[in-house]
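Structure file model22.tsv (TSV, C-alpha atoms) follows.
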```tsv
chain	number	residue	atom	x	y	z
A	1030	MET	CA	-27.32	5.68	-60.86
A	1031	LYS	CA	-24.00	7.16	-61.99
A	1032	GLU	CA	-21.78	9.16	-59.69
A	1033	THR	CA	-21.05	12.82	-60.33
A	1034	LEU	CA	-18.37	13.34	-57.70
A	1035	PRO	CA	-16.01	10.47	-56.79
A	1036	LEU	CA	-15.04	10.32	-53.12
A	1037	GLY	CA	-12.43	7.57	-53.27
A	1038	ARG	CA	-12.63	4.07	-51.85
A	1039	ILE	CA	-13.89	2.61	-48.60
A	1040	ALA	CA	-13.07	-1.03	-47.81
A	1041	GLY	CA	-11.82	-1.30	-51.39
A	1042	VAL	CA	-15.16	-0.15	-52.86
A	1043	ARG	CA	-15.43	2.93	-55.09
A	1044	VAL	CA	-17.70	5.55	-53.50
A	1045	GLY	CA	-19.25	8.59	-55.18
A	1046	LEU	CA	-22.02	11.16	-54.98
A	1047	HIS	CA	-24.70	11.90	-57.55
A	1048	TRP	CA	-25.53	15.59	-57.98
A	1049	SER	CA	-29.07	14.97	-56.73
A	1050	VAL	CA	-27.67	14.31	-53.25
A	1051	LEU	CA	-27.70	18.11	-52.90
A	1052	VAL	CA	-31.49	17.88	-52.82
A	1053	ILE	CA	-31.58	15.73	-49.70
A	1054	VAL	CA	-28.90	17.89	-48.01
A	1055	ALA	CA	-30.94	21.01	-48.79
A	1056	LEU	CA	-34.23	19.47	-47.65
A	1057	VAL	CA	-32.85	18.22	-44.34
A	1058	THR	CA	-31.03	21.49	-43.69
A	1059	VAL	CA	-34.08	23.66	-44.42
A	1060	MET	CA	-36.41	21.41	-42.43
A	1061	LEU	CA	-34.20	21.38	-39.35
A	1062	ALA	CA	-33.02	24.99	-39.46
A	1063	GLY	CA	-36.33	26.49	-40.48
A	1064	ARG	CA	-38.69	24.61	-38.22
A	1065	ARG	CA	-37.60	21.74	-35.99
A	1066	PHE	CA	-34.65	23.35	-34.22
A	1067	PRO	CA	-36.28	26.78	-33.64
A	1068	ASP	CA	-39.52	25.17	-32.44
A	1069	ALA	CA	-37.75	22.84	-30.01
A	1070	HIS	CA	-35.12	25.30	-28.76
A	1071	PRO	CA	-35.96	28.94	-29.50
A	1072	GLY	CA	-33.59	31.80	-28.76
A	1073	HIS	CA	-30.56	30.82	-30.83
A	1074	SER	CA	-29.26	32.75	-33.83
A	1075	THR	CA	-30.26	31.89	-37.38
A	1076	TRP	CA	-26.62	31.04	-38.15
A	1077	ALA	CA	-26.49	28.59	-35.25
A	1078	TYR	CA	-29.58	26.78	-36.51
A	1079	ALA	CA	-28.30	26.73	-40.10
A	1080	ALA	CA	-24.77	25.53	-39.23
A	1081	LEU	CA	-26.00	22.74	-36.96
A	1082	ALA	CA	-28.66	21.71	-39.49
A	1083	LEU	CA	-26.07	21.46	-42.27
A	1084	LEU	CA	-23.75	19.42	-40.06
A	1085	THR	CA	-26.65	17.14	-39.13
A	1086	ALA	CA	-27.52	16.66	-42.81
A	1087	LEU	CA	-23.92	15.67	-43.58
A	1088	VAL	CA	-23.86	13.17	-40.70
A	1089	PHE	CA	-27.14	11.78	-42.05
A	1090	LEU	CA	-25.42	11.24	-45.41
A	1091	ALA	CA	-22.60	9.46	-43.59
A	1092	SER	CA	-25.24	7.19	-42.01
A	1093	LEU	CA	-26.60	6.34	-45.46
A	1094	LEU	CA	-23.06	5.62	-46.62
A	1095	ALA	CA	-22.45	3.32	-43.66
A	1096	HIS	CA	-25.63	1.41	-44.56
A	1097	GLU	CA	-24.41	0.85	-48.13
A	1098	VAL	CA	-20.82	0.06	-47.13
A	1099	ALA	CA	-22.17	-2.66	-44.84
A	1100	HIS	CA	-23.99	-4.20	-47.82
A	1101	ALA	CA	-20.82	-4.01	-49.91
A	1102	VAL	CA	-18.52	-5.54	-47.30
A	1103	VAL	CA	-20.84	-8.47	-46.61
A	1104	ALA	CA	-21.39	-8.98	-50.34
A	1105	GLN	CA	-17.65	-9.24	-50.92
A	1106	ARG	CA	-17.31	-11.71	-48.06
A	1107	ASN	CA	-19.96	-13.83	-49.75
A	1108	GLY	CA	-18.18	-13.89	-53.09
A	1109	VAL	CA	-20.15	-11.10	-54.79
A	1110	GLN	CA	-18.05	-8.36	-56.38
A	1111	VAL	CA	-19.13	-4.74	-55.86
A	1112	ASP	CA	-18.70	-2.17	-58.63
A	1113	GLY	CA	-19.29	0.82	-56.38
A	1114	ILE	CA	-21.55	2.82	-54.09
A	1115	THR	CA	-23.41	5.98	-55.10
A	1116	LEU	CA	-25.34	8.28	-52.79
A	1117	TRP	CA	-28.22	10.16	-54.43
A	1118	MET	CA	-31.45	12.00	-53.71
A	1119	LEU	CA	-33.39	9.00	-52.41
A	1120	GLY	CA	-30.59	7.44	-50.41
A	1121	GLY	CA	-27.82	5.19	-51.61
A	1122	VAL	CA	-27.21	2.18	-53.80
A	1123	ALA	CA	-24.49	-0.46	-53.76
A	1124	ARG	CA	-23.97	-1.81	-57.28
A	1125	LEU	CA	-23.37	-5.57	-57.03
A	1126	ARG	CA	-21.73	-7.22	-60.01
A	1127	SER	CA	-23.81	-10.39	-59.68
A	1128	GLU	CA	-26.62	-11.93	-57.67
A	1129	ALA	CA	-26.02	-13.69	-54.37
A	1130	PRO	CA	-25.03	-17.32	-54.96
A	1131	THR	CA	-27.40	-18.77	-52.33
A	1132	PRO	CA	-30.47	-17.75	-50.33
A	1133	ALA	CA	-28.31	-17.65	-47.19
A	1134	ALA	CA	-25.87	-15.23	-48.82
A	1135	GLU	CA	-28.79	-13.08	-50.00
A	1136	LEU	CA	-30.11	-13.05	-46.44
A	1137	ARG	CA	-26.79	-11.88	-45.02
A	1138	ILE	CA	-26.20	-9.22	-47.68
A	1139	ALA	CA	-29.70	-7.77	-47.39
A	1140	GLY	CA	-30.08	-8.05	-43.64
A	1141	VAL	CA	-26.91	-6.17	-42.72
A	1142	GLY	CA	-28.29	-2.88	-44.10
A	1143	PRO	CA	-31.26	-2.43	-41.72
A	1144	LEU	CA	-29.14	-3.90	-38.93
A	1145	THR	CA	-26.49	-1.21	-39.51
A	1146	SER	CA	-29.11	1.57	-39.45
A	1147	ALA	CA	-30.63	0.13	-36.27
A	1148	VAL	CA	-27.21	-0.01	-34.58
A	1149	LEU	CA	-26.55	3.59	-35.62
A	1150	GLY	CA	-29.96	4.57	-34.23
A	1151	ALA	CA	-29.11	2.94	-30.92
A	1152	ALA	CA	-25.66	4.57	-30.86
A	1153	PHE	CA	-27.07	8.05	-31.52
A	1154	THR	CA	-29.74	7.45	-28.87
A	1155	GLY	CA	-27.08	6.60	-26.32
A	1156	LEU	CA	-25.01	9.62	-27.38
A	1157	ALA	CA	-28.02	11.95	-27.04
A	1158	LEU	CA	-28.75	10.65	-23.53
A	1159	TRP	CA	-25.12	11.05	-22.50
A	1160	LEU	CA	-24.87	14.59	-23.90
A	1161	ASP	CA	-28.08	15.55	-22.11
A	1162	ALA	CA	-26.79	14.08	-18.85
A	1163	ILE	CA	-23.56	16.11	-18.93
A	1164	GLY	CA	-25.43	19.34	-19.68
A	1165	VAL	CA	-24.58	19.91	-23.33
A	1166	SER	CA	-26.76	22.47	-25.17
A	1167	GLY	CA	-30.26	21.20	-25.80
A	1168	LEU	CA	-29.95	22.22	-29.43
A	1169	VAL	CA	-27.05	19.81	-29.95
A	1170	VAL	CA	-28.93	17.06	-28.12
A	1171	GLU	CA	-31.91	17.70	-30.40
A	1172	ALA	CA	-29.72	17.22	-33.49
A	1173	VAL	CA	-28.30	13.93	-32.21
A	1174	ALA	CA	-31.77	12.75	-31.20
A	1175	TRP	CA	-33.00	13.47	-34.74
A	1176	LEU	CA	-30.15	11.39	-36.16
A	1177	ALA	CA	-31.14	8.57	-33.83
A	1178	ALA	CA	-34.77	8.73	-34.90
A	1179	ILE	CA	-34.07	8.96	-38.64
A	1180	ASN	CA	-31.75	5.93	-38.54
A	1181	VAL	CA	-34.40	3.90	-36.74
A	1182	VAL	CA	-36.94	4.99	-39.37
A	1183	LEU	CA	-34.51	3.94	-42.12
A	1184	ALA	CA	-34.03	0.54	-40.48
A	1185	VAL	CA	-37.77	-0.04	-40.20
A	1186	PHE	CA	-38.62	1.25	-43.69
A	1187	ASN	CA	-35.85	-0.74	-45.37
A	1188	ALA	CA	-37.04	-3.90	-43.57
A	1189	VAL	CA	-40.46	-3.71	-45.24
A	1190	PRO	CA	-40.77	-6.92	-47.33
A	1191	ALA	CA	-41.00	-5.25	-50.75
A	1192	ALA	CA	-38.38	-5.00	-53.51
A	1193	PRO	CA	-36.09	-3.16	-54.02
A	1194	LEU	CA	-35.92	-2.49	-50.28
A	1195	ASP	CA	-33.69	-4.69	-48.15
A	1196	GLY	CA	-36.80	-6.32	-46.75
A	1197	GLY	CA	-37.77	-7.27	-50.28
A	1198	ARG	CA	-34.46	-9.05	-50.67
A	1199	LEU	CA	-35.03	-10.79	-47.35
A	1200	LEU	CA	-38.42	-11.91	-48.67
A	1201	ARG	CA	-36.75	-13.08	-51.88
A	1202	ALA	CA	-34.19	-15.08	-49.88
A	1203	TYR	CA	-36.97	-16.76	-47.90
A	1204	LEU	CA	-39.04	-17.61	-51.00
A	1205	TRP	CA	-35.93	-18.75	-52.86
A	1206	HIS	CA	-35.11	-21.07	-49.97
A	1207	ARG	CA	-38.70	-22.39	-49.86
A	1208	THR	CA	-39.26	-22.89	-53.61
A	1209	GLY	CA	-35.74	-23.30	-54.96
A	1210	ASP	CA	-36.67	-20.90	-57.78
A	1211	PRO	CA	-34.89	-17.49	-57.62
A	1212	VAL	CA	-36.87	-16.10	-60.57
A	1213	ARG	CA	-40.20	-16.90	-58.97
A	1214	ALA	CA	-38.97	-15.47	-55.66
A	1215	THR	CA	-37.91	-12.23	-57.34
A	1216	ARG	CA	-41.23	-11.98	-59.13
A	1217	SER	CA	-43.11	-12.18	-55.82
A	1218	ALA	CA	-40.84	-9.66	-54.06
A	1219	SER	CA	-41.19	-7.28	-57.00
A	1220	ALA	CA	-44.98	-7.55	-56.92
A	1221	ALA	CA	-44.88	-6.57	-53.25
A	1222	GLY	CA	-42.63	-3.63	-54.13
A	1223	ARG	CA	-45.01	-2.36	-56.80
A	1224	ALA	CA	-47.95	-2.66	-54.39
A	1225	LEU	CA	-46.11	-0.63	-51.76
A	1226	GLY	CA	-45.08	1.91	-54.38
A	1227	TRP	CA	-48.65	2.48	-55.59
A	1228	PHE	CA	-49.82	2.78	-52.00
A	1229	LEU	CA	-47.28	5.55	-51.36
A	1230	VAL	CA	-48.18	7.31	-54.61
A	1231	VAL	CA	-51.90	7.31	-53.80
A	1232	LEU	CA	-51.22	8.31	-50.19
A	1233	GLY	CA	-48.95	11.14	-51.27
A	1234	PHE	CA	-51.34	12.65	-53.80
A	1235	ALA	CA	-54.26	12.24	-51.40
A	1236	SER	CA	-52.30	14.21	-48.82
A	1237	VAL	CA	-51.70	16.99	-51.34
A	1238	LEU	CA	-55.27	17.10	-52.68
A	1239	PHE	CA	-57.25	16.73	-49.47
A	1240	GLU	CA	-54.93	18.24	-46.85
A	1241	GLY	CA	-52.88	20.67	-48.91
A	1242	ASN	CA	-49.73	19.05	-47.55
A	1243	LEU	CA	-47.03	19.39	-50.20
A	1244	THR	CA	-44.75	16.95	-48.38
A	1245	GLY	CA	-47.03	14.30	-49.84
A	1246	LEU	CA	-45.17	14.82	-53.11
A	1247	TRP	CA	-42.09	13.33	-51.45
A	1248	SER	CA	-44.07	10.22	-50.54
A	1249	ALA	CA	-45.36	10.00	-54.12
A	1250	LEU	CA	-41.81	10.36	-55.48
A	1251	ILE	CA	-40.55	7.53	-53.26
A	1252	GLY	CA	-43.51	5.41	-54.33
A	1253	TRP	CA	-42.80	6.01	-58.01
A	1254	PHE	CA	-39.16	5.06	-57.45
A	1255	LEU	CA	-40.24	1.80	-55.77
A	1256	ILE	CA	-42.58	0.97	-58.65
A	1257	THR	CA	-39.88	1.60	-61.24
A	1258	ALA	CA	-37.15	-0.25	-59.38
A	1259	ALA	CA	-39.38	-3.23	-58.53
A	1260	THR	CA	-40.48	-3.52	-62.16
A	1261	GLU	CA	-36.84	-3.42	-63.25
A	1262	GLU	CA	-35.92	-6.18	-60.81
A	1263	ALA	CA	-38.71	-8.36	-62.15
A	1264	ARG	CA	-37.54	-7.72	-65.71
A	1265	ARG	CA	-33.98	-8.69	-64.82
A	1266	ALA	CA	-35.22	-11.84	-63.14
A	1267	GLU	CA	-37.11	-12.82	-66.28
A	1268	LEU	CA	-34.01	-12.09	-68.36
A	1269	GLY	CA	-32.00	-14.21	-65.95
A	1270	GLY	CA	-34.36	-17.10	-66.56
A	1271	VAL	CA	-34.05	-16.76	-70.35
A	1272	LEU	CA	-30.28	-16.20	-70.33
A	1273	ALA	CA	-29.44	-18.75	-67.61
A	1274	GLY	CA	-26.12	-20.42	-68.36
A	1275	LEU	CA	-25.42	-18.32	-71.46
A	1276	PRO	CA	-21.80	-17.05	-71.51
A	1277	VAL	CA	-20.71	-13.77	-73.03
A	1278	ARG	CA	-18.76	-15.55	-75.78
A	1279	GLN	CA	-22.05	-16.66	-77.37
A	1280	VAL	CA	-23.42	-13.14	-77.82
A	1281	MET	CA	-20.29	-11.03	-78.36
A	1282	THR	CA	-18.96	-9.72	-81.66
A	1283	ARG	CA	-15.64	-11.45	-82.21
A	1284	ASP	CA	-12.52	-9.68	-83.48
A	1285	PRO	CA	-14.09	-6.20	-83.60
A	1286	VAL	CA	-12.67	-3.44	-85.76
A	1287	VAL	CA	-10.08	-1.58	-83.67
A	1288	VAL	CA	-8.12	1.65	-83.88
A	1289	ARG	CA	-4.61	2.36	-82.67
A	1290	ALA	CA	-4.16	4.88	-79.88
A	1291	THR	CA	-1.58	6.78	-81.96
A	1292	THR	CA	-3.96	7.29	-84.89
A	1293	THR	CA	-4.90	10.93	-85.38
A	1294	VAL	CA	-8.54	11.95	-85.39
A	1295	LEU	CA	-8.20	13.04	-89.02
A	1296	GLU	CA	-6.85	9.62	-90.02
A	1297	PHE	CA	-9.57	7.90	-88.02
A	1298	LEU	CA	-12.33	9.84	-89.78
A	1299	ALA	CA	-10.83	9.05	-93.15
A	1300	GLU	CA	-10.99	5.29	-92.55
A	1301	GLY	CA	-13.44	4.80	-89.70
A	1302	PRO	CA	-17.18	5.28	-89.31
A	1303	PHE	CA	-17.63	7.12	-92.59
A	1304	GLY	CA	-15.44	4.79	-94.61
A	1305	ALA	CA	-15.43	1.02	-94.95
A	1306	TYR	CA	-16.80	0.50	-91.45
A	1307	ARG	CA	-19.92	2.20	-90.16
A	1308	HIS	CA	-19.62	1.58	-86.43
A	1309	SER	CA	-20.28	4.08	-83.68
A	1310	ALA	CA	-17.64	2.82	-81.22
A	1311	PHE	CA	-14.19	1.29	-81.58
A	1312	PRO	CA	-11.91	-0.46	-79.09
A	1313	VAL	CA	-8.54	1.30	-78.87
A	1314	LEU	CA	-5.28	-0.65	-78.75
A	1315	ALA	CA	-1.98	0.53	-77.30
A	1316	ALA	CA	1.32	0.15	-79.17
A	1317	ASP	CA	1.87	-3.31	-77.67
A	1318	GLY	CA	-1.55	-4.53	-78.81
A	1319	THR	CA	-3.21	-4.48	-75.41
A	1320	PRO	CA	-6.59	-2.74	-74.99
A	1321	ALA	CA	-6.28	0.90	-73.92
A	1322	GLY	CA	-9.85	2.15	-74.06
A	1323	LEU	CA	-12.84	2.89	-76.25
A	1324	VAL	CA	-13.51	5.74	-78.64
A	1325	THR	CA	-16.92	6.74	-79.96
A	1326	VAL	CA	-18.06	8.96	-82.79
A	1327	ARG	CA	-19.54	11.29	-80.17
A	1328	LEU	CA	-16.13	11.78	-78.54
A	1329	ILE	CA	-14.49	12.31	-81.93
A	1330	ASN	CA	-17.05	14.93	-82.93
A	1331	ARG	CA	-16.09	17.05	-79.93
A	1332	VAL	CA	-12.65	17.68	-81.41
A	1333	PRO	CA	-12.52	21.03	-83.27
A	1334	LEU	CA	-11.88	20.74	-87.01
A	1335	GLN	CA	-8.59	22.64	-86.84
A	1336	ALA	CA	-7.24	20.33	-84.11
A	1337	ARG	CA	-8.05	16.97	-85.69
A	1338	SER	CA	-4.74	16.50	-87.49
A	1339	ALA	CA	-2.77	16.96	-84.26
A	1340	THR	CA	-5.10	15.15	-81.86
A	1341	THR	CA	-4.71	11.39	-81.43
A	1342	VAL	CA	-7.36	8.88	-80.51
A	1343	ALA	CA	-5.57	8.41	-77.18
A	1344	ASP	CA	-6.28	12.07	-76.39
A	1345	VAL	CA	-10.06	11.68	-76.70
A	1346	MET	CA	-10.79	8.03	-75.93
A	1347	ARG	CA	-12.46	6.78	-72.78
A	1348	PRO	CA	-9.65	4.99	-70.89
A	1349	LEU	CA	-9.97	1.31	-70.12
A	1350	ALA	CA	-10.54	1.99	-66.42
A	1351	ASP	CA	-13.76	3.85	-67.33
A	1352	VAL	CA	-15.03	1.19	-69.76
A	1353	ALA	CA	-17.06	-1.86	-68.82
A	1354	THR	CA	-15.09	-5.07	-69.34
A	1355	THR	CA	-15.96	-8.73	-69.14
A	1356	SER	CA	-14.55	-12.15	-69.91
A	1357	PRO	CA	-15.80	-14.65	-72.51
A	1358	ASP	CA	-16.98	-17.05	-69.81
A	1359	GLU	CA	-18.87	-14.57	-67.61
A	1360	PRO	CA	-22.63	-15.23	-67.55
A	1361	VAL	CA	-24.46	-12.67	-69.68
A	1362	VAL	CA	-26.98	-12.08	-66.90
A	1363	ASP	CA	-24.20	-10.85	-64.59
A	1364	LEU	CA	-22.96	-8.41	-67.23
A	1365	ILE	CA	-26.30	-6.71	-67.89
A	1366	PRO	CA	-26.31	-4.39	-64.82
A	1367	ARG	CA	-22.82	-3.11	-65.69
A	1368	LEU	CA	-23.80	-2.50	-69.30
A	1369	GLU	CA	-26.91	-0.58	-68.24
A	1370	ALA	CA	-24.84	1.55	-65.86
A	1371	SER	CA	-22.06	2.22	-68.37
A	1372	THR	CA	-21.86	5.37	-70.44
A	1373	ASP	CA	-21.44	3.56	-73.76
A	1374	ARG	CA	-23.78	0.59	-73.13
A	1375	ARG	CA	-21.09	-1.79	-74.38
A	1376	ALA	CA	-18.28	-3.82	-72.84
A	1377	LEU	CA	-14.92	-4.97	-74.10
A	1378	VAL	CA	-14.40	-8.72	-73.83
A	1379	LEU	CA	-10.92	-9.54	-72.56
A	1380	ASP	CA	-9.21	-12.90	-72.31
A	1381	ALA	CA	-5.85	-13.01	-70.52
A	1382	GLY	CA	-5.56	-9.24	-71.01
A	1383	LEU	CA	-6.15	-9.37	-74.76
A	1384	LEU	CA	-9.17	-8.06	-76.65
A	1385	VAL	CA	-11.26	-10.88	-78.12
A	1386	GLY	CA	-14.63	-9.20	-78.68
A	1387	ILE	CA	-17.14	-6.51	-77.84
A	1388	VAL	CA	-20.69	-6.91	-76.55
A	1389	THR	CA	-23.58	-4.45	-76.40
A	1390	LEU	CA	-27.07	-4.41	-74.93
A	1391	ALA	CA	-28.36	-4.75	-78.49
A	1392	ASP	CA	-26.44	-8.03	-78.85
A	1393	ILE	CA	-28.05	-9.33	-75.67
A	1394	SER	CA	-31.49	-8.14	-76.76
A	1395	ARG	CA	-31.16	-10.09	-80.00
A	1396	ALA	CA	-30.10	-13.18	-78.05
A	1397	VAL	CA	-33.15	-12.84	-75.79
A	1398	THR	CA	-35.44	-12.49	-78.82
A	1399	TRP	CA	-33.95	-15.56	-80.45
A	1400	LEU	CA	-34.00	-17.68	-77.29
A	1401	THR	CA	-37.58	-16.66	-76.53
A	1402	ALA	CA	-38.69	-17.52	-80.06
A	1403	THR	CA	-36.96	-20.90	-80.06
A	1404	THR	CA	-38.32	-21.93	-76.66
A	1405	ARG	CA	-41.89	-20.65	-77.14
A	1406	PRO	CA	-44.29	-23.61	-77.33
A	1407	ARG	CA	-45.89	-24.09	-80.73
A	1408	THR	CA	-49.67	-24.14	-81.08
```
Spit out the file's structure as structure tokens when you get a sec.
Amino acid sequence: MKETLPLGRIAGVRVGLHWSVLVIVALVTVMLAGRRFPDAHPGHSTWAYAALALLTALVFLASLLAHEVAHAVVAQRNGVQVDGITLWMLGGVARLRSEAPTPAAELRIAGVGPLTSAVLGAAFTGLALWLDAIGVSGLVVEAVAWLAAINVVLAVFNAVPAAPLDGGRLLRAYLWHRTGDPVRATRSASAAGRALGWFLVVLGFASVLFEGNLTGLWSALIGWFLITAATEEARRAELGGVLAGLPVRQVMTRDPVVVRATTTVLEFLAEGPFGAYRHSAFPVLAADGTPAGLVTVRLINRVPLQARSATTVADVMRPLADVATTSPDEPVVDLIPRLEASTDRRALVLDAGLLVGIVTLADISRAVTWLTATTRPRT
């Protein structure tokens, strides 16, 4: 899930919002302002309900962010790098650069999420009781009480032992500890996640068909997300088993064709993808020979014809900070999530700050095909 609006960094971790987060803000606001608040405390103005509902929705988003930041902080303390956090329609996701090194680390990273939500639920409960005791408006108390309840619900739901929920990762940590096989543990947690997902899908559609309750569609959507995410986790686990111990240097393209940042677009088109080399992406080097970014045919094609002689590759390239990078010795399995999340589905391979290769998902796919074929038992 890629961010649409960057928010900066928290605890050194990049944080952003996906545009779909507007959906959850709108749903919470409409639900609270249109029904819950007026039903519980009638007599206030429409603007009062709407303003408090919007504020409550934003605090709810902050609660989701706290949940993910807790994951990220504990992951970093356990030696797992974090690429970033993105809030979206169905909650939030902390993108970890690699898997936890041990079952105990997995337990700590996964368990801190529900624990954070539970602590927030307890804190909001205490705040609601205190506000009620000092005579604050019942409408405000209602909003804080809702925040308490929703955080408790998040803690309980995320603790369900089914991938990709935190409880699924707790289950994976337990099975990994018992069997010593992380792939087998992931497979079991993913199966539980798919089972939960199908249950929610069936429950949601049954609610719509037999009760006419359209909120069942939300349950079905969450179920479908669980099925998809659990299946993806199982696939990555299988890939991890095939690619175990394989470094990037064994799948990368060495000494890729490069382009200088000072080259004009017109010069690039004369010699690049439509000339001797028919590639769709090129690493870009600065004047001193260090990597500066990546340029693709798609980016080049956006330059108007009349501007191509005066526009340089540096003007249109994707800067290095926005390009996935790796080292020759990084395990391929750790690189895959970053490649899948990247815009260009490729990474520059750097060694001591110098470009030594480029690797794409297609390169990894070919390696998987070859390794699978060579290890398949003959009949």
Practice prompt. List the neighbours of region 1121-1128 of chain A out to 8 Å using only C-alpha atoms; skip same-chain residues closer than 4 positions along the sequence, and give me the result as number ranges by chain.
Written response: A: 1030, 1093-1094, 1097-1098, 1100-1101, 1104, 1109-1117, 1363-1364, 1366-1367
For those residues, write C-alpha atoms to a file as a short mmCIF file (atom, residue, chain, number, x, y, z; two decimals), keeping the file's coordinate frame.
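Below is the file that was written, again-v4.cif:
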```
data_model
loop_
_atom_site.label_atom_id
_atom_site.label_comp_id
_atom_site.auth_asym_id
_atom_site.auth_seq_id
_atom_site.Cartn_x
_atom_site.Cartn_y
_atom_site.Cartn_z
CA MET A 1030 -27.32 5.68 -60.86
CA LEU A 1093 -26.60 6.34 -45.46
CA LEU A 1094 -23.06 5.62 -46.62
CA GLU A 1097 -24.41 0.85 -48.13
CA VAL A 1098 -20.82 0.06 -47.13
CA HIS A 1100 -23.99 -4.20 -47.82
CA ALA A 1101 -20.82 -4.01 -49.91
CA ALA A 1104 -21.39 -8.98 -50.34
CA VAL A 1109 -20.15 -11.10 -54.79
CA GLN A 1110 -18.05 -8.36 -56.38
CA VAL A 1111 -19.13 -4.74 -55.86
CA ASP A 1112 -18.70 -2.17 -58.63
CA GLY A 1113 -19.29 0.82 -56.38
CA ILE A 1114 -21.55 2.82 -54.09
CA THR A 1115 -23.41 5.98 -55.10
CA LEU A 1116 -25.34 8.28 -52.79
CA TRP A 1117 -28.22 10.16 -54.43
CA ASP A 1363 -24.20 -10.85 -64.59
CA LEU A 1364 -22.96 -8.41 -67.23
CA PRO A 1366 -26.31 -4.39 -64.82
CA ARG A 1367 -22.82 -3.11 -65.69
#
```
Practice prompt. Find the distance between CA of Ile1053 (chain A) and CA of Met1118 (chain A) and write it in Å to one decimal.
Written response: 5.5 Å
Discussion item. Considering all atoms listed in the file, can you say which of A:Arg1223, A:Arg1213, A:Arg1106, A:His1308 comes closest to Leu1194 (chain A)?
Written reply: A:Arg1223
Practice prompt. List every protein, DNA or RNA residue that has an atom no more than 10 Å from (-36.4, -16.0, -50.3) in the file's coordinate frame, counting all atoms listed in the file, and report them as a ChimeraX atom specification.
Written response: /A:1131-1133,1135-1136,1197-1211,1213-1215,1217-1218
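Going from CA of Leu1349 (chain A) over to CA of Thr1389 (chain A), you cover 16.1 Å.
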Centre, x/y/z edge lengths, axis-aligned box for region 1135-1141 of chain A with 6 Å per side, as AutoDock Vina command-line options:
```
--center_x -28.2 --center_y -9.6 --center_z -46.4 --size_x 15.9 --size_y 18.9 --size_z 19.3
```
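Near Thr1282 (chain A), within a cut-off of 8 Å and counting all atoms listed in the file, sit the residues Val1280, Asp1284, Pro1285, Gly1386, Ile1387 and Val1388 of chain A, with same-chain residues fewer than 2 positions away left out.
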Worksheet item: Between A:Val1059, A:Val1288, A:Ala1172, A:Val1054, which is the closest to Ala1079 (chain A) once you count all atoms listed in the file?
Response: A:Val1059
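Counting all atoms listed in the file and comparing A:Ala1129, A:Val1294, A:Leu1379, A:Leu1268, the residue that lies closest to Met1346 (chain A) is A:Val1294.
Using only C-alpha atoms for every distance, the candidate list A:Ala1062, A:Val1044, A:Ala1188, A:Val1170 yields A:Ala1062 as the residue closest to Ser1074 (chain A).
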Just the residues within 12 Å of Ala1273 (chain A), please, counting only C-alpha atoms, with nothing from its chain fewer than 2 positions along; format it as a JSON list (two decimals) with C-alpha atoms, keeping the file's coordinate frame.
```
[["chain", "number", "residue", "atom", "x", "y", "z"],
["A", 1211, "PRO", "CA", -34.89, -17.49, -57.62],
["A", 1212, "VAL", "CA", -36.87, -16.10, -60.57],
["A", 1265, "ARG", "CA", -33.98, -8.69, -64.82],
["A", 1266, "ALA", "CA", -35.22, -11.84, -63.14],
["A", 1267, "GLU", "CA", -37.11, -12.82, -66.28],
["A", 1268, "LEU", "CA", -34.01, -12.09, -68.36],
["A", 1269, "GLY", "CA", -32.00, -14.21, -65.95],
["A", 1270, "GLY", "CA", -34.36, -17.10, -66.56],
["A", 1271, "VAL", "CA", -34.05, -16.76, -70.35],
["A", 1275, "LEU", "CA", -25.42, -18.32, -71.46],
["A", 1276, "PRO", "CA", -21.80, -17.05, -71.51],
["A", 1277, "VAL", "CA", -20.71, -13.77, -73.03],
["A", 1359, "GLU", "CA", -18.87, -14.57, -67.61],
["A", 1360, "PRO", "CA", -22.63, -15.23, -67.55],
["A", 1361, "VAL", "CA", -24.46, -12.67, -69.68],
["A", 1362, "VAL", "CA", -26.98, -12.08, -66.90],
["A", 1363, "ASP", "CA", -24.20, -10.85, -64.59],
["A", 1396, "ALA", "CA", -30.10, -13.18, -78.05],
["A", 1397, "VAL", "CA", -33.15, -12.84, -75.79],
["A", 1400, "LEU", "CA", -34.00, -17.68, -77.29]]
```
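For Thr1325 (chain A), the residues within 8 Å (counting only C-alpha atoms, excluding itself and residues fewer than 5 positions away along the chain) are Ser1309, Ala1310, Phe1311 and Met1346 of chain A.
Take CA of Arg1038 (chain A) and CA of Val1352 (chain A): the distance between them is 18.3 Å.
Distances to Ala1184 (chain A) were evaluated for A:Arg1289, A:His1073, A:His1096, A:Arg1043 using all atoms listed in the file, and the minimum falls at A:His1096.
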